Amino acid sequence: MKNYQIKHSDLDGWLEKIIAAGRRVIAPVTEEGHTDFRPIHSPAEVAADDQVQTIQSAKQAAFPKAETLFSYRKEGTAVSLDQPAPESYLQTVVWRARPCDAAGFTPLSAIFNWDYKDNLYNARLARTTLVAFSCQQADAYCFCTSVGGGPGEKKGCDILVTKLPSGKALVEVCTEKGEALAALAPGLFSEANAVADDSPLFAEKQSALAQLPARFSKEDIRRHLAEAFDSPVWREQSERCLGCGACAFVCPTCACFDIQEDPHGSHGRRIRCWDSCAFALFTQHTSGHNPRPSQATRWRQRILHKFSYMPERLDATGCTGCGRCSRACPVDMNLLEHLTSIAQK
Ligand code: SF4
Ligand code: SF4
């Protein structure tokens with residue numbers, strides 16, 4: 001795939017062309033002091049690029065908070081079913097995601113294709129083009145470099161844009177979907193060299209990235225978790241957890257969902273919506289028995305699932321180190337601190 005350069009001042013012009021081409025575009029928008037992904041219709045709506053992260057991740061492009069699986073209508077003895085047609089989903093561009101957003105689609109895709117192939121998720125992802133921007137700043141919650149990612153990593157991106165100090169931006173095209181997006185504004189791009197490890201362009205890109213030394217490795221965590229099932233660490237770390245589920249809802253890799261009925265007399269629909277392993281009822285059986293009866297067992301499940309079970313079963317880590325769960329937690333459960341203490345035990 002090709003690399004390009006574009007002036008910083010032409011990025012809005014490129015976005016205008018993307019919007020004019022009829023794509024649904026979601027991008028960071030600031031409302032009442034909070035920056036989150038929202039549909040936009042003009043580059044002027046996009047938040048200033050001075051934030052580490054949006055509150056929620058980009059996963060909603062392929063895995064919405066709630067979606068209809070089918071709707072039904074009963075007339076007399078006849079029942080008609082109406083199912084969504086994935087081919088009718090809009091072509092969507094996620095503008096200015098972060099590399100840790102893009103990396104989240106690898107574990108999500110592994111989960112949604114593990115045994116059953118989830119056509120709704122797959123169809124949405126196939127119609128989504130991810131334009132990630134490299135991180136030029138990180139905060140105390142970020143730890144992508146500890147879990148195999150990085151501020152300028154391309155994994156999962158269709159395009160990675162890195163704003164260089166020269167006033168140009170390096171546009172690394174990673175997929176054909178990305179190439180199609182660059183082709184919408186040919187006059188704005190000039191071709192750039194490959195970013196080989198010893199090239200001046202590589203050095204210039206590195207100089208533009210946030211500096212974020214790794215604090216541990218995925219392997220360290222996995223090795224310690226292999227012996228930690230009965231450890232007191234789960235009770236110690238989860239003592240202040242409220243079980244609110246915010247950590248799962250902002251996470252780019254959390255994939256748990258619930259199925260709900262929405263009946264209205266003779267018609268209704270079945271929907272799926274995000275769920276969280278932190279909820280007390282998440283694993284409660286109809287008998288009343290709950291195999292995870294305490295917040296400690298639920299916290300243990302969250303960590304083991306992401307850092308032990310998923311690597312073992314799906315060859316994917318369920319965390320991109322984005323830090324969103326820690327930023328969103330109302331009682332300051334800090335995942336980086338908790339993982340660092342596990343890695344040092
Ligand atoms: S956001 Fe914090 S308090 Fe809420 S469930 Fe997650 S860890 Fe617990
Ligand atoms: S567990 Fe937390 S840090 Fe890891 S990907 Fe999810 S939100 Fe980000």
# chains A, B, ... in the order shown; residues from 1 in each chain; ligands from 1
$ closest_atom_pairs --of "chain A" --to "ligand 2" --cutoff "10 Å" --atoms "only C-alpha atoms and all ligand atoms" --output "Markdown table"
| residue | atom | partner | partner_atom_place_in_ligand_line | distance |
| --- | --- | --- | --- | --- |
| A:Ile55 | CA | ligand 2 | 7 (S) | 9.7 |
| A:Gln56 | CA | ligand 2 | 7 (S) | 8.7 |
| A:Ser57 | CA | ligand 2 | 7 (S) | 8.2 |
| A:Cys100 | CA | ligand 2 | 5 (S) | 7.5 |
| A:Asp101 | CA | ligand 2 | 5 (S) | 8.3 |
| A:Ala103 | CA | ligand 2 | 5 (S) | 9.0 |
| A:Gly104 | CA | ligand 2 | 5 (S) | 6.9 |
| A:Pro107 | CA | ligand 2 | 5 (S) | 9.9 |
| A:Tyr141 | CA | ligand 2 | 3 (S) | 7.7 |
| A:Cys142 | CA | ligand 2 | 3 (S) | 7.2 |
| A:Phe143 | CA | ligand 2 | 3 (S) | 7.3 |
| A:Cys144 | CA | ligand 2 | 3 (S) | 8.0 |
| A:Val147 | CA | ligand 2 | 4 (Fe) | 8.9 |
| A:Ala246 | CA | ligand 2 | 7 (S) | 9.3 |
| A:Cys247 | CA | ligand 2 | 7 (S) | 6.0 |
| A:Ala248 | CA | ligand 2 | 7 (S) | 6.7 |
| A:Phe249 | CA | ligand 2 | 7 (S) | 8.2 |
| A:Val250 | CA | ligand 2 | 7 (S) | 5.8 |
| A:Cys251 | CA | ligand 2 | 7 (S) | 3.6 |
| A:Pro252 | CA | ligand 2 | 5 (S) | 5.4 |
| A:Thr253 | CA | ligand 2 | 5 (S) | 5.7 |
| A:Cys254 | CA | ligand 2 | 6 (Fe) | 6.6 |
| A:Arg302 | CA | ligand 2 | 1 (S) | 8.3 |
| A:Ile303 | CA | ligand 2 | 1 (S) | 8.1 |
| A:Lys306 | CA | ligand 2 | 1 (S) | 7.4 |
| A:Phe307 | CA | ligand 2 | 1 (S) | 9.5 |
| A:Thr317 | CA | ligand 2 | 5 (S) | 9.1 |
| A:Gly318 | CA | ligand 2 | 5 (S) | 6.6 |
| A:Cys319 | CA | ligand 2 | 4 (Fe) | 3.7 |
| A:Thr320 | CA | ligand 2 | 5 (S) | 4.2 |
| A:Gly321 | CA | ligand 2 | 3 (S) | 4.0 |
| A:Cys322 | CA | ligand 2 | 8 (Fe) | 3.9 |
| A:Gly323 | CA | ligand 2 | 3 (S) | 3.7 |
| A:Arg324 | CA | ligand 2 | 7 (S) | 4.3 |
| A:Cys325 | CA | ligand 2 | 7 (S) | 4.0 |
| A:Ser326 | CA | ligand 2 | 2 (Fe) | 6.4 |
| A:Arg327 | CA | ligand 2 | 7 (S) | 8.6 |
| A:Ala328 | CA | ligand 2 | 7 (S) | 8.7 |
| A:Cys329 | CA | ligand 2 | 2 (Fe) | 9.9 |
| A:Asn334 | CA | ligand 2 | 2 (Fe) | 8.9 |
| A:Leu335 | CA | ligand 2 | 2 (Fe) | 6.6 |
| A:Leu336 | CA | ligand 2 | 3 (S) | 7.5 |
$ write_last_selection --atoms "N, CA and C atoms" --output "short mmCIF file (atom, residue, chain, number, x, y, z; two decimals), in the first residue's frame"
data_model
loop_
_atom_site.label_atom_id
_atom_site.label_comp_id
_atom_site.auth_asym_id
_atom_site.auth_seq_id
_atom_site.Cartn_x
_atom_site.Cartn_y
_atom_site.Cartn_z
N ILE A 55 -14.28 9.68 25.15
CA ILE A 55 -14.73 8.90 26.32
C ILE A 55 -14.97 7.45 25.90
N GLN A 56 -15.75 7.26 24.85
CA GLN A 56 -16.04 5.91 24.39
C GLN A 56 -15.13 5.57 23.21
N SER A 57 -15.10 4.29 22.91
CA SER A 57 -14.19 3.85 21.84
C SER A 57 -14.93 3.85 20.50
N CYS A 100 -5.13 2.78 19.48
CA CYS A 100 -5.68 1.78 20.42
C CYS A 100 -7.15 1.49 20.12
N ASP A 101 -7.85 2.42 19.44
CA ASP A 101 -9.20 2.11 18.94
C ASP A 101 -9.11 1.06 17.85
N ALA A 103 -6.71 -1.01 17.15
CA ALA A 103 -6.22 -2.31 17.64
C ALA A 103 -7.35 -3.11 18.29
N GLY A 104 -8.36 -2.43 18.81
CA GLY A 104 -9.47 -3.11 19.49
C GLY A 104 -10.29 -4.00 18.57
N PRO A 107 -9.21 -8.12 18.66
CA PRO A 107 -9.87 -9.01 19.62
C PRO A 107 -11.39 -9.06 19.42
N TYR A 141 -3.04 7.28 32.31
CA TYR A 141 -3.83 6.04 32.21
C TYR A 141 -3.43 5.17 31.00
N CYS A 142 -2.69 5.76 30.05
CA CYS A 142 -2.34 5.04 28.81
C CYS A 142 -1.27 3.98 29.08
N PHE A 143 -1.43 2.80 28.46
CA PHE A 143 -0.35 1.80 28.54
C PHE A 143 -0.32 0.89 27.31
N CYS A 144 -0.59 1.46 26.13
CA CYS A 144 -0.62 0.66 24.90
C CYS A 144 0.70 -0.06 24.67
N VAL A 147 1.08 -3.55 26.10
CA VAL A 147 0.26 -4.66 25.60
C VAL A 147 0.41 -4.83 24.08
N ALA A 246 -19.27 0.81 33.80
CA ALA A 246 -18.75 1.87 32.92
C ALA A 246 -17.48 1.41 32.20
N CYS A 247 -16.65 0.63 32.90
CA CYS A 247 -15.37 0.19 32.31
C CYS A 247 -15.61 -0.63 31.05
N ALA A 248 -16.64 -1.47 31.06
CA ALA A 248 -16.91 -2.30 29.88
C ALA A 248 -17.50 -1.46 28.75
N PHE A 249 -18.34 -0.48 29.10
CA PHE A 249 -19.03 0.27 28.06
C PHE A 249 -18.10 1.19 27.27
N VAL A 250 -17.01 1.63 27.90
CA VAL A 250 -16.08 2.50 27.17
C VAL A 250 -14.96 1.70 26.48
N CYS A 251 -14.89 0.42 26.76
CA CYS A 251 -13.74 -0.39 26.33
C CYS A 251 -13.83 -0.77 24.84
N PRO A 252 -12.75 -0.61 24.09
CA PRO A 252 -12.78 -0.99 22.67
C PRO A 252 -12.80 -2.49 22.41
N THR A 253 -12.58 -3.31 23.44
CA THR A 253 -12.52 -4.75 23.21
C THR A 253 -13.62 -5.53 23.92
N CYS A 254 -14.36 -4.91 24.84
CA CYS A 254 -15.42 -5.65 25.56
C CYS A 254 -16.56 -5.96 24.59
N ARG A 302 -12.86 -10.45 34.77
CA ARG A 302 -12.54 -9.40 33.79
C ARG A 302 -11.05 -9.46 33.41
N ILE A 303 -10.20 -9.57 34.41
CA ILE A 303 -8.75 -9.57 34.13
C ILE A 303 -8.31 -10.88 33.47
N LYS A 306 -9.43 -11.10 29.76
CA LYS A 306 -8.69 -10.25 28.82
C LYS A 306 -7.25 -10.68 28.63
N PHE A 307 -6.61 -11.10 29.74
CA PHE A 307 -5.15 -11.30 29.69
C PHE A 307 -4.72 -12.75 29.75
N THR A 317 -5.20 -10.47 22.74
CA THR A 317 -5.30 -9.91 24.09
C THR A 317 -6.49 -8.97 24.13
N GLY A 318 -7.29 -9.09 25.19
CA GLY A 318 -8.52 -8.30 25.27
C GLY A 318 -8.33 -6.92 25.84
N CYS A 319 -7.20 -6.31 25.57
CA CYS A 319 -6.94 -4.96 26.08
C CYS A 319 -5.93 -4.29 25.18
N THR A 320 -6.20 -3.05 24.81
CA THR A 320 -5.27 -2.31 23.96
C THR A 320 -4.53 -1.23 24.75
N GLY A 321 -4.76 -1.19 26.05
CA GLY A 321 -4.05 -0.22 26.89
C GLY A 321 -4.51 1.20 26.69
N CYS A 322 -5.76 1.38 26.26
CA CYS A 322 -6.25 2.74 25.98
C CYS A 322 -6.48 3.57 27.24
N GLY A 323 -6.68 2.87 28.37
CA GLY A 323 -6.89 3.58 29.64
C GLY A 323 -8.29 4.11 29.84
N ARG A 324 -9.20 3.86 28.89
CA ARG A 324 -10.54 4.44 29.02
C ARG A 324 -11.26 3.95 30.27
N CYS A 325 -11.09 2.66 30.61
CA CYS A 325 -11.80 2.13 31.77
C CYS A 325 -11.41 2.88 33.03
N SER A 326 -10.13 3.21 33.15
CA SER A 326 -9.66 3.91 34.35
C SER A 326 -10.15 5.36 34.36
N ARG A 327 -10.15 5.99 33.18
CA ARG A 327 -10.64 7.38 33.13
C ARG A 327 -12.12 7.45 33.47
N ALA A 328 -12.88 6.43 33.05
CA ALA A 328 -14.33 6.48 33.23
C ALA A 328 -14.76 6.01 34.61
N CYS A 329 -13.91 5.31 35.33
CA CYS A 329 -14.33 4.68 36.59
C CYS A 329 -14.65 5.73 37.65
N ASN A 334 -7.77 1.88 38.82
CA ASN A 334 -6.78 2.20 37.80
C ASN A 334 -6.16 0.90 37.27
N LEU A 335 -6.54 0.53 36.05
CA LEU A 335 -6.12 -0.76 35.50
C LEU A 335 -4.60 -0.83 35.36
N LEU A 336 -3.98 0.26 34.95
CA LEU A 336 -2.52 0.25 34.80
C LEU A 336 -1.86 -0.06 36.15
#
$ residues_near_ligand --ligand "ligand 1" --cutoff "6 Å" --atoms "only C-alpha atoms and all ligand atoms" --output "list in words"
Cys241, Leu242, Gly243, Cys244, Gly245, Ala246, Cys247, Ala278, Cys329, Pro330, Val331 and Met333 of chain A
$ closest_residue --among "A:Val173, A:Pro43, A:Arg23, A:Leu11" --to "Ala194 in chain A" --atoms "only C-alpha atoms"
A:Val173
$ atom_distance --atom1 "CA of Val46 in chain A" --atom2 "CA of Pro28 in chain A"
5.7 Å
$ select_by_dssp --residues "range 29-165 of chain A" --states "helix (DSSP H, G or I)" --output "ChimeraX atom specification"
/A:43-45,58-61,86-88,99-103,105-112,119-126,144-146
$ write_last_selection --atoms "N, CA and C atoms" --output "mmCIF file, in the first residue's frame"
data_model
loop_
_atom_site.group_PDB
_atom_site.id
_atom_site.type_symbol
_atom_site.label_atom_id
_atom_site.label_comp_id
_atom_site.auth_asym_id
_atom_site.auth_seq_id
_atom_site.Cartn_x
_atom_site.Cartn_y
_atom_site.Cartn_z
ATOM 1 N N PRO A 43 -16.481 19.419 8.754
ATOM 2 C CA PRO A 43 -15.244 19.394 9.545
ATOM 3 C C PRO A 43 -15.285 20.349 10.731
ATOM 4 N N ALA A 44 -16.098 21.418 10.621
ATOM 5 C CA ALA A 44 -16.157 22.398 11.713
ATOM 6 C C ALA A 44 -16.701 21.782 12.999
ATOM 7 N N GLU A 45 -17.414 20.680 12.888
ATOM 8 C CA GLU A 45 -17.982 20.048 14.088
ATOM 9 C C GLU A 45 -16.955 19.225 14.868
ATOM 10 N N ALA A 58 -14.188 3.491 19.461
ATOM 11 C CA ALA A 58 -14.767 3.439 18.115
ATOM 12 C C ALA A 58 -15.520 2.136 17.850
ATOM 13 N N LYS A 59 -15.601 1.237 18.835
ATOM 14 C CA LYS A 59 -16.193 -0.084 18.551
ATOM 15 C C LYS A 59 -17.661 0.026 18.128
ATOM 16 N N GLN A 60 -18.314 1.131 18.560
ATOM 17 C CA GLN A 60 -19.738 1.292 18.248
ATOM 18 C C GLN A 60 -19.997 1.339 16.734
ATOM 19 N N ALA A 61 -18.953 1.609 15.923
ATOM 20 C CA ALA A 61 -19.153 1.618 14.468
ATOM 21 C C ALA A 61 -19.551 0.225 13.971
ATOM 22 N N PRO A 86 -27.947 -6.576 6.303
ATOM 23 C CA PRO A 86 -26.606 -5.999 6.497
ATOM 24 C C PRO A 86 -26.108 -5.224 5.287
ATOM 25 N N GLU A 87 -26.548 -5.646 4.077
ATOM 26 C CA GLU A 87 -26.050 -4.949 2.891
ATOM 27 C C GLU A 87 -26.581 -3.512 2.800
ATOM 28 N N SER A 88 -27.586 -3.200 3.651
ATOM 29 C CA SER A 88 -28.111 -1.834 3.633
ATOM 30 C C SER A 88 -27.378 -0.927 4.636
ATOM 31 N N PRO A 99 -4.789 4.807 17.547
ATOM 32 C CA PRO A 99 -4.291 3.442 17.260
ATOM 33 C C PRO A 99 -4.855 2.397 18.216
ATOM 34 N N CYS A 100 -5.130 2.783 19.482
ATOM 35 C CA CYS A 100 -5.677 1.783 20.424
ATOM 36 C C CYS A 100 -7.150 1.489 20.123
ATOM 37 N N ASP A 101 -7.847 2.419 19.439
ATOM 38 C CA ASP A 101 -9.200 2.106 18.945
ATOM 39 C C ASP A 101 -9.108 1.059 17.846
ATOM 40 N N ALA A 102 -8.194 1.328 16.901
ATOM 41 C CA ALA A 102 -8.059 0.422 15.748
ATOM 42 C C ALA A 102 -7.635 -0.967 16.207
ATOM 43 N N ALA A 103 -6.710 -1.012 17.153
ATOM 44 C CA ALA A 103 -6.223 -2.315 17.640
ATOM 45 C C ALA A 103 -7.354 -3.107 18.292
ATOM 46 N N PHE A 105 -10.249 -3.730 17.267
ATOM 47 C CA PHE A 105 -11.072 -4.536 16.365
ATOM 48 C C PHE A 105 -10.482 -5.937 16.136
ATOM 49 N N THR A 106 -9.212 -6.137 16.457
ATOM 50 C CA THR A 106 -8.638 -7.488 16.311
ATOM 51 C C THR A 106 -9.248 -8.441 17.344
ATOM 52 N N PRO A 107 -9.207 -8.116 18.662
ATOM 53 C CA PRO A 107 -9.872 -9.008 19.616
ATOM 54 C C PRO A 107 -11.392 -9.064 19.421
ATOM 55 N N LEU A 108 -12.014 -7.927 19.059
ATOM 56 C CA LEU A 108 -13.468 -7.961 18.826
ATOM 57 C C LEU A 108 -13.808 -8.937 17.702
ATOM 58 N N SER A 109 -13.057 -8.869 16.611
ATOM 59 C CA SER A 109 -13.333 -9.759 15.472
ATOM 60 C C SER A 109 -13.083 -11.210 15.855
ATOM 61 N N ALA A 110 -12.072 -11.442 16.703
ATOM 62 C CA ALA A 110 -11.808 -12.821 17.144
ATOM 63 C C ALA A 110 -13.005 -13.351 17.939
ATOM 64 N N ILE A 111 -13.570 -12.526 18.785
ATOM 65 C CA ILE A 111 -14.720 -12.958 19.599
ATOM 66 C C ILE A 111 -15.946 -13.177 18.710
ATOM 67 N N PHE A 112 -16.197 -12.239 17.801
ATOM 68 C CA PHE A 112 -17.409 -12.333 16.986
ATOM 69 C C PHE A 112 -17.298 -13.358 15.845
ATOM 70 N N ASN A 119 -22.853 -12.130 11.623
ATOM 71 C CA ASN A 119 -22.987 -11.419 10.343
ATOM 72 C C ASN A 119 -23.208 -9.925 10.523
ATOM 73 N N LEU A 120 -23.927 -9.547 11.583
ATOM 74 C CA LEU A 120 -24.213 -8.120 11.763
ATOM 75 C C LEU A 120 -22.915 -7.358 12.053
ATOM 76 N N TYR A 121 -22.123 -7.904 12.990
ATOM 77 C CA TYR A 121 -20.828 -7.268 13.308
ATOM 78 C C TYR A 121 -19.935 -7.257 12.065
ATOM 79 N N ASN A 122 -19.822 -8.398 11.404
ATOM 80 C CA ASN A 122 -18.911 -8.494 10.253
ATOM 81 C C ASN A 122 -19.320 -7.541 9.129
ATOM 82 N N ALA A 123 -20.640 -7.428 8.915
ATOM 83 C CA ALA A 123 -21.104 -6.549 7.830
ATOM 84 C C ALA A 123 -20.821 -5.086 8.167
ATOM 85 N N ARG A 124 -21.031 -4.726 9.431
ATOM 86 C CA ARG A 124 -20.748 -3.330 9.802
ATOM 87 C C ARG A 124 -19.257 -3.030 9.675
ATOM 88 N N LEU A 125 -18.428 -3.968 10.151
ATOM 89 C CA LEU A 125 -16.979 -3.717 10.091
ATOM 90 C C LEU A 125 -16.510 -3.635 8.637
ATOM 91 N N ALA A 126 -17.078 -4.488 7.772
ATOM 92 C CA ALA A 126 -16.685 -4.452 6.357
ATOM 93 C C ALA A 126 -17.029 -3.110 5.716
ATOM 94 N N CYS A 144 -0.594 1.461 26.135
ATOM 95 C CA CYS A 144 -0.621 0.663 24.903
ATOM 96 C C CYS A 144 0.701 -0.064 24.672
ATOM 97 N N THR A 145 1.821 0.578 25.025
ATOM 98 C CA THR A 145 3.126 -0.036 24.750
ATOM 99 C C THR A 145 3.391 -1.252 25.643
ATOM 100 N N SER A 146 2.592 -1.409 26.709
ATOM 101 C CA SER A 146 2.761 -2.585 27.581
ATOM 102 C C SER A 146 1.986 -3.787 27.053
#
$ closest_residue --among "A:Gln295, A:Thr92, A:Gln206, A:Ser134" --to "Glu172 in chain A" --atoms "only C-alpha atoms"
A:Ser134
$ select_by_dssp --residues "range 121-276 of chain A" --states "strand (DSSP E or B)" --output "count of residues only"
36
